[in-house]
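A.B. asks: Dropping in data14.txt, which is compact mmCIF, C-alpha atoms and all ligand atoms:
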```txt
# COMPACT_ATOMS: atom_id res chain seq x y z
CA MET A 29 0.00 0.00 0.00
CA ARG A 30 1.11 3.56 -0.54
CA VAL A 31 1.68 4.98 2.93
CA ASN A 32 2.39 8.64 3.48
CA GLU A 33 3.52 8.27 7.09
CA ILE A 34 3.05 6.18 10.22
CA PHE A 35 3.48 7.84 13.59
CA TYR A 36 2.43 7.64 17.23
CA SER A 37 0.59 10.46 18.96
CA LEU A 38 -2.64 11.29 20.75
CA GLN A 39 -5.93 11.16 18.91
CA GLY A 40 -6.63 14.87 18.60
CA GLU A 41 -10.28 14.95 17.59
CA GLY A 42 -13.63 13.32 18.18
CA PHE A 43 -14.96 11.25 21.07
CA LEU A 44 -11.62 9.42 21.46
CA ALA A 45 -9.55 12.62 21.76
CA GLY A 46 -6.66 12.09 24.13
CA MET A 47 -6.21 8.36 23.46
CA PRO A 48 -2.62 7.47 22.55
CA SER A 49 -2.92 6.09 19.02
CA ALA A 50 -0.84 4.94 16.08
CA PHE A 51 -1.70 6.85 12.91
CA ILE A 52 -1.46 5.28 9.48
CA ARG A 53 -1.73 8.00 6.87
CA LEU A 54 -2.53 6.51 3.46
CA ALA A 55 -1.72 8.47 0.33
CA GLY A 56 -4.27 10.05 -1.97
CA CYS A 57 -7.34 12.29 -1.74
CA PRO A 58 -9.49 13.49 -4.66
CA LEU A 59 -10.81 16.55 -2.78
CA ARG A 60 -8.88 19.79 -2.55
CA CYS A 61 -10.21 21.48 0.57
CA GLN A 62 -9.02 25.04 1.02
CA TRP A 63 -8.00 24.58 4.67
CA CYS A 64 -6.70 21.00 4.35
CA ASP A 65 -3.89 20.51 6.86
CA THR A 66 -2.48 17.43 5.11
CA LYS A 67 -2.00 18.67 1.56
CA TYR A 68 1.10 16.48 1.39
CA GLY A 69 -1.33 13.54 1.49
CA TRP A 70 -3.21 14.47 -1.70
CA ASP A 71 -0.91 12.75 -4.15
CA GLU A 72 -1.66 9.04 -4.35
CA LYS A 73 2.03 8.42 -5.02
CA ALA A 74 3.18 10.33 -1.91
CA GLY A 75 5.15 8.40 0.67
CA ALA A 76 6.45 4.87 0.23
CA ASN A 77 5.20 1.37 -0.51
CA TYR A 78 4.53 -0.77 2.54
CA SER A 79 3.31 -4.34 2.71
CA ILE A 80 0.37 -4.83 5.06
CA GLU A 81 2.60 -7.04 7.18
CA ARG A 82 5.10 -4.18 7.57
CA ILE A 83 2.34 -1.72 8.52
CA VAL A 84 1.01 -4.06 11.22
CA LYS A 85 4.52 -4.69 12.54
CA THR A 86 5.27 -0.95 12.63
CA VAL A 87 2.22 -0.06 14.71
CA GLN A 88 2.88 -2.92 17.12
CA GLN A 89 6.02 -1.20 18.41
CA TRP A 90 3.82 1.23 20.37
CA PRO A 91 1.70 0.53 23.46
CA GLY A 92 -2.08 0.48 23.40
CA LYS A 93 -4.58 -0.80 20.90
CA PHE A 94 -5.85 2.37 19.22
CA ILE A 95 -5.16 2.73 15.52
CA VAL A 96 -6.30 5.61 13.31
CA ILE A 97 -6.33 5.04 9.57
CA THR A 98 -6.36 8.44 7.94
CA GLY A 99 -5.26 10.28 4.82
CA GLY A 100 -5.81 11.73 2.43
CA GLU A 101 -8.97 9.70 2.00
CA PRO A 102 -8.48 6.09 3.12
CA MET A 103 -11.87 4.90 1.82
CA ILE A 104 -10.67 5.15 -1.79
CA ASN A 105 -7.85 2.67 -1.15
CA GLU A 106 -8.62 -0.76 -2.58
CA ASP A 107 -6.35 -2.52 -0.07
CA LEU A 108 -8.11 -0.96 2.95
CA PRO A 109 -10.31 -4.02 3.72
CA GLN A 110 -7.28 -6.28 4.00
CA LEU A 111 -5.38 -3.79 6.16
CA VAL A 112 -8.36 -3.48 8.51
CA GLN A 113 -8.71 -7.26 8.66
CA GLU A 114 -5.05 -7.75 9.57
CA LEU A 115 -5.14 -5.00 12.22
CA LYS A 116 -8.29 -6.55 13.71
CA ALA A 117 -6.55 -9.93 13.81
CA ALA A 118 -3.84 -8.17 15.86
CA ASP A 119 -6.60 -7.11 18.31
CA LYS A 120 -6.47 -3.39 17.49
CA HIS A 121 -9.24 -0.80 17.90
CA ILE A 122 -9.62 0.80 14.49
CA THR A 123 -10.86 4.29 13.65
CA ILE A 124 -11.15 5.28 9.99
CA GLU A 125 -11.10 9.03 9.28
CA THR A 126 -13.09 9.77 6.13
CA ALA A 127 -14.77 12.67 4.36
CA GLY A 128 -17.64 10.26 3.63
CA ILE A 129 -17.26 10.32 -0.15
CA ALA A 130 -16.80 6.58 -0.75
CA PHE A 131 -18.41 3.47 0.72
CA ILE A 132 -16.87 0.09 1.43
CA GLU A 133 -19.05 -2.61 2.92
CA GLY A 134 -18.22 -4.84 5.86
CA LEU A 135 -15.04 -3.27 7.25
CA ALA A 136 -14.14 -4.52 10.72
CA CYS A 137 -13.78 -0.95 11.88
CA ASP A 138 -14.70 0.12 15.42
CA LEU A 139 -15.36 3.78 14.67
CA MET A 140 -16.11 5.42 11.33
CA SER A 141 -15.12 9.03 11.90
CA ILE A 142 -16.95 10.93 9.18
CA SER A 143 -16.21 14.56 8.41
CA PRO A 144 -18.56 15.73 5.62
CA LYS A 145 -17.18 18.70 3.77
CA LEU A 146 -19.28 21.88 3.76
CA SER A 147 -19.12 24.73 1.26
CA ASN A 148 -16.61 26.45 3.60
CA SER A 149 -14.01 23.94 2.36
CA ALA A 150 -14.15 25.17 -1.26
CA PRO A 151 -10.75 26.08 -2.69
CA ASP A 152 -10.15 29.67 -3.85
CA ASP A 153 -8.48 28.41 -7.02
CA PRO A 154 -11.30 27.98 -9.60
CA ALA A 155 -9.59 24.95 -11.21
CA LEU A 156 -9.43 23.15 -7.85
CA ALA A 157 -12.96 24.28 -6.96
CA ALA A 158 -14.22 22.60 -10.12
CA ILE A 159 -12.78 19.29 -8.85
CA HIS A 160 -13.91 19.81 -5.27
CA GLU A 161 -17.52 20.99 -5.51
CA PRO A 162 -19.11 18.04 -7.36
CA SER A 163 -17.40 15.46 -5.13
CA ARG A 164 -17.36 16.92 -1.62
CA LEU A 165 -20.77 15.66 -0.45
CA ASP A 166 -22.53 12.40 -1.28
CA ILE A 167 -25.65 11.97 0.83
CA SER A 168 -26.23 8.36 -0.23
CA VAL A 169 -22.68 7.39 0.84
CA LEU A 170 -23.07 9.27 4.13
CA SER A 171 -26.38 7.51 4.78
CA LYS A 172 -24.85 4.08 4.16
CA LEU A 173 -21.88 4.82 6.43
CA VAL A 174 -24.20 5.98 9.21
CA ASP A 175 -26.41 2.90 8.81
CA GLU A 176 -23.64 0.33 8.61
CA TYR A 177 -20.99 1.55 11.05
CA ASN A 178 -20.52 2.83 14.55
CA TYR A 179 -19.80 6.44 13.68
CA GLN A 180 -19.20 10.03 14.68
CA LEU A 181 -20.09 12.93 12.40
CA LYS A 182 -17.62 15.82 12.72
CA PHE A 183 -18.36 19.12 11.02
CA VAL A 184 -15.67 21.75 10.59
CA VAL A 185 -17.06 25.17 11.53
CA ASP A 186 -15.44 28.28 10.10
CA SER A 187 -18.10 30.76 11.19
CA GLN A 188 -21.47 30.64 12.88
CA ASP A 189 -23.09 31.03 9.46
CA ASP A 190 -22.13 27.37 8.83
CA LEU A 191 -24.72 26.11 11.29
CA LEU A 192 -27.66 26.30 8.87
CA GLU A 193 -25.78 24.25 6.26
CA ILE A 194 -24.80 21.69 8.90
CA GLN A 195 -28.39 21.29 10.01
CA GLN A 196 -29.63 21.06 6.42
CA THR A 197 -27.02 18.38 5.70
CA ILE A 198 -27.94 16.34 8.77
CA LYS A 199 -31.63 16.53 7.83
CA GLN A 200 -30.89 14.84 4.51
CA ILE A 201 -29.18 11.86 6.16
CA PRO A 202 -31.75 9.51 7.68
CA ASN A 203 -31.03 7.94 11.09
CA VAL A 204 -28.40 10.39 12.36
CA ASN A 205 -28.17 10.27 16.14
CA PRO A 206 -27.63 13.89 17.28
CA GLU A 207 -25.49 12.59 20.16
CA LYS A 208 -22.93 11.46 17.57
CA VAL A 209 -22.64 14.88 15.92
CA MET A 210 -19.64 17.04 16.76
CA LEU A 211 -18.65 20.56 15.77
CA MET A 212 -14.99 21.50 15.59
CA PRO A 213 -13.30 24.82 14.85
CA GLN A 214 -11.71 25.28 11.45
CA ALA A 215 -8.08 25.95 12.29
CA VAL A 216 -4.66 25.14 10.97
CA THR A 217 -2.74 26.98 13.68
CA ARG A 218 -3.06 27.19 17.47
CA ASP A 219 -3.94 30.91 17.22
CA GLU A 220 -6.79 30.18 14.81
CA LEU A 221 -8.02 27.36 17.03
CA LEU A 222 -8.10 29.54 20.12
CA ALA A 223 -9.76 32.38 18.22
CA LYS A 224 -12.65 30.19 16.97
CA SER A 225 -13.17 27.77 19.88
CA GLU A 226 -15.45 30.00 21.92
CA MET A 227 -17.76 30.65 18.95
CA VAL A 228 -18.00 26.87 18.27
CA ALA A 229 -18.56 26.15 21.98
CA GLU A 230 -21.53 28.53 21.95
CA LEU A 231 -22.98 26.75 18.88
CA CYS A 232 -22.61 23.44 20.73
CA LYS A 233 -24.47 24.81 23.75
CA GLN A 234 -27.20 26.13 21.46
CA THR A 235 -27.69 22.89 19.48
CA GLY A 236 -26.70 20.11 21.91
CA TYR A 237 -23.98 18.85 19.54
CA ALA A 238 -20.65 17.92 21.11
CA PHE A 239 -17.53 20.08 20.83
CA SER A 240 -14.59 18.36 19.20
CA GLN A 241 -11.23 19.56 20.32
CA ARG A 242 -8.19 19.47 18.03
CA LEU A 243 -5.38 18.49 20.36
CA GLN A 244 -2.83 18.11 17.58
CA ILE A 245 -3.15 21.84 16.91
CA LEU A 246 -3.46 22.91 20.53
CA LEU A 247 -0.43 20.91 21.72
CA TRP A 248 1.85 20.89 18.70
CA ASN A 249 0.55 23.64 16.40
CA ASN A 250 -0.07 21.02 13.74
CA GLN A 251 3.54 20.02 13.15
CA ARG A 252 3.67 17.10 10.77
CA GLY A 253 3.80 13.68 12.48
CA THR A 254 2.37 14.89 15.81
S1 LIG B 301 -10.96 15.51 2.42
FE1 LIG B 301 -9.50 15.71 4.11
S2 LIG B 301 -7.52 15.09 3.22
FE2 LIG B 301 -8.90 15.46 1.50
S3 LIG B 301 -8.51 17.60 0.92
FE3 LIG B 301 -10.25 17.62 2.35
S4 LIG B 301 -9.34 17.95 4.37
FE4 LIG B 301 -7.66 17.31 2.99
```
What would the structure in this file look like if it were written as structure tokens?
C.D. replies:
Amino acid sequence: MRVNEIFYSLQGEGFLAGMPSAFIRLAGCPLRCQWCDTKYGWDEKAGANYSIERIVKTVQQWPGKFIVITGGEPMINEDLPQLVQELKAADKHITIETAGIAFIEGLACDLMSISPKLSNSAPDDPALAAIHEPSRLDISVLSKLVDEYNYQLKFVVDSQDDLLEIQQTIKQIPNVNPEKVMLMPQAVTRDELLAKSEMVAELCKQTGYAFSQRLQILLWNNQRGT
């Protein structure tokens, strides 16, 4: 598999924030979000080739059972089912971080961490926007992910004006449990995170959705591999 990087850190976001976890960042993402903090993961040829056996061996050097498969967009990788199967056989707890744009059936994944992309993720560059806009949201894929997997739905909030779009998006997906919805501040740097957190916290209080912290930004200012 083409692997961008494998590293050990704390899960920064979602309901498992704070859990020491091994991160497997697969290469390749077809979206081009304006505020993407892993642009180095877009190219499907980024990184190096790893056998699944080598990936499993690499993550076993660290304590704990939490594994995060991320990207890029891991759900477009055809070898993902086998990787998940081998990690499960090694008794790991598996989170898959996805934008919810592709569906794979029957993954032995413990948590599908879905982050649907809102219009606030549109790139400024018109050429990139033309790639991004038609692919960023697929309600039928989101519905299948929510129905098939244990999930969390994380929305990136850039301003309070995003709330209406978030609520409209949730309304289109049948069977969403509001207790699994999280709002997190759009931020690439610690300063941005601190500046937007209070606004997002107020939206959480208003709606009942959970606040998702972003520890990787708060603690390490989003340095690569942290
Ligand atoms: S979906 Fe995720 S990895 Fe892909 S461009 Fe958007 S933020 Fe970056």
A.B. asks: Neighbours of Arg218 of chain A within 12 Å (all atoms listed in the file; same-chain residues fewer than 2 positions away dropped), as a compact mmCIF listing (two decimals) with C-alpha atoms, in the frame of the given file?
C.D. replies:
```txt
# COMPACT_ATOMS: atom_id res chain seq x y z
CA PRO A 213 -13.30 24.82 14.85
CA GLN A 214 -11.71 25.28 11.45
CA ALA A 215 -8.08 25.95 12.29
CA VAL A 216 -4.66 25.14 10.97
CA GLU A 220 -6.79 30.18 14.81
CA LEU A 221 -8.02 27.36 17.03
CA LEU A 222 -8.10 29.54 20.12
CA ALA A 223 -9.76 32.38 18.22
CA LYS A 224 -12.65 30.19 16.97
CA SER A 225 -13.17 27.77 19.88
CA GLN A 241 -11.23 19.56 20.32
CA ARG A 242 -8.19 19.47 18.03
CA LEU A 243 -5.38 18.49 20.36
CA GLN A 244 -2.83 18.11 17.58
CA ILE A 245 -3.15 21.84 16.91
CA LEU A 246 -3.46 22.91 20.53
CA LEU A 247 -0.43 20.91 21.72
CA TRP A 248 1.85 20.89 18.70
CA ASN A 249 0.55 23.64 16.40
CA ASN A 250 -0.07 21.02 13.74
CA GLN A 251 3.54 20.02 13.15
```
A.B. asks: Around (-29.7, 12.2, 11.9) in the file's frame, which residues reach within 12 Å when counting all atoms listed in the file? Return as a ChimeraX atom specification?
C.D. replies: /A:167,170-171,174-175,179-181,194-209,237
A.B. asks: Using all atoms listed in the file, can you tell me which of A:Phe35, A:Phe43, A:Phe94, A:Phe183 comes closest to ligand LIG 301 (chain B)?
C.D. replies: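 Smallest separation from ligand LIG 301 (chain B) among the options: A:Phe183.
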A.B. asks: Choose the residue, out of A:Phe51, A:Phe131, A:Tyr177, A:Trp63, that has the smallest atom-to-atom separation from Glu33 of chain A; count only C-alpha atoms.
C.D. replies: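 Closest residue, counting only C-alpha atoms: A:Phe51.
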A.B. asks: So what do you get for atom CA of Pro151 of chain A versus atom CA of Phe239 of chain A, distance-wise?
C.D. replies: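 Atom CA of Phe239 of chain A lies at a distance of 25.2 Å from atom CA of Pro151 of chain A.
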A.B. asks: Show me as a compact mmCIF listing (two decimals) with C-alpha atoms, in the coordinates of the input the residues that reach within 12 Å of (-5.5, 7.1, 7.4), counting only C-alpha atoms and using the file's own coordinates.
C.D. replies:
```txt
# COMPACT_ATOMS: atom_id res chain seq x y z
CA MET A 29 0.00 0.00 0.00
CA ARG A 30 1.11 3.56 -0.54
CA VAL A 31 1.68 4.98 2.93
CA ASN A 32 2.39 8.64 3.48
CA GLU A 33 3.52 8.27 7.09
CA ILE A 34 3.05 6.18 10.22
CA PHE A 35 3.48 7.84 13.59
CA SER A 49 -2.92 6.09 19.02
CA ALA A 50 -0.84 4.94 16.08
CA PHE A 51 -1.70 6.85 12.91
CA ILE A 52 -1.46 5.28 9.48
CA ARG A 53 -1.73 8.00 6.87
CA LEU A 54 -2.53 6.51 3.46
CA ALA A 55 -1.72 8.47 0.33
CA GLY A 56 -4.27 10.05 -1.97
CA CYS A 57 -7.34 12.29 -1.74
CA THR A 66 -2.48 17.43 5.11
CA GLY A 69 -1.33 13.54 1.49
CA TRP A 70 -3.21 14.47 -1.70
CA ILE A 83 2.34 -1.72 8.52
CA ILE A 95 -5.16 2.73 15.52
CA VAL A 96 -6.30 5.61 13.31
CA ILE A 97 -6.33 5.04 9.57
CA THR A 98 -6.36 8.44 7.94
CA GLY A 99 -5.26 10.28 4.82
CA GLY A 100 -5.81 11.73 2.43
CA GLU A 101 -8.97 9.70 2.00
CA PRO A 102 -8.48 6.09 3.12
CA MET A 103 -11.87 4.90 1.82
CA ILE A 104 -10.67 5.15 -1.79
CA ASN A 105 -7.85 2.67 -1.15
CA LEU A 108 -8.11 -0.96 2.95
CA LEU A 111 -5.38 -3.79 6.16
CA VAL A 112 -8.36 -3.48 8.51
CA ILE A 122 -9.62 0.80 14.49
CA THR A 123 -10.86 4.29 13.65
CA ILE A 124 -11.15 5.28 9.99
CA GLU A 125 -11.10 9.03 9.28
CA THR A 126 -13.09 9.77 6.13
CA ALA A 127 -14.77 12.67 4.36
CA MET A 140 -16.11 5.42 11.33
CA SER A 141 -15.12 9.03 11.90
```
A.B. asks: Calculated over only C-alpha atoms and all ligand atoms, which of the candidates A:Gly134, A:Pro109, A:Pro58, A:Gly46 has the smallest distance to ligand LIG 301 (chain B)?
C.D. replies: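 Residue with the minimum atom-to-atom distance to ligand LIG 301 (chain B): A:Pro58.
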A.B. asks: For a test of reading the model, state the distance in Å between atom FE1 of ligand LIG 301 (chain B) and atom CA of Leu59 of chain A, rounded to one decimal.
C.D. replies: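 Atom CA of Leu59 of chain A lies at a distance of 7.1 Å from atom FE1 of ligand LIG 301 (chain B).
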A.B. asks: Which is closest to ligand LIG 301 (chain B) among A:Ile142, A:Cys61, A:Ala130, A:Leu192, if we use all atoms listed in the file?
C.D. replies: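 Using all atoms listed in the file, the shortest distance to ligand LIG 301 (chain B) belongs to A:Cys61.
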A.B. asks: Nearest to ligand LIG 301 (chain B) among A:Gly253, A:Gly236, A:Pro144, A:Pro162, with distances taken over all atoms listed in the file: which residue is it?
C.D. replies: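 Using all atoms listed in the file, the shortest distance to ligand LIG 301 (chain B) belongs to A:Pro144.
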A.B. asks: If I take atom CA of Cys64 of chain A and atom CA of Asn178 of chain A, how far is one from the other in Å, to one decimal?
C.D. replies: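 Separation between atom CA of Cys64 of chain A and atom CA of Asn178 of chain A: 25.0 Å.
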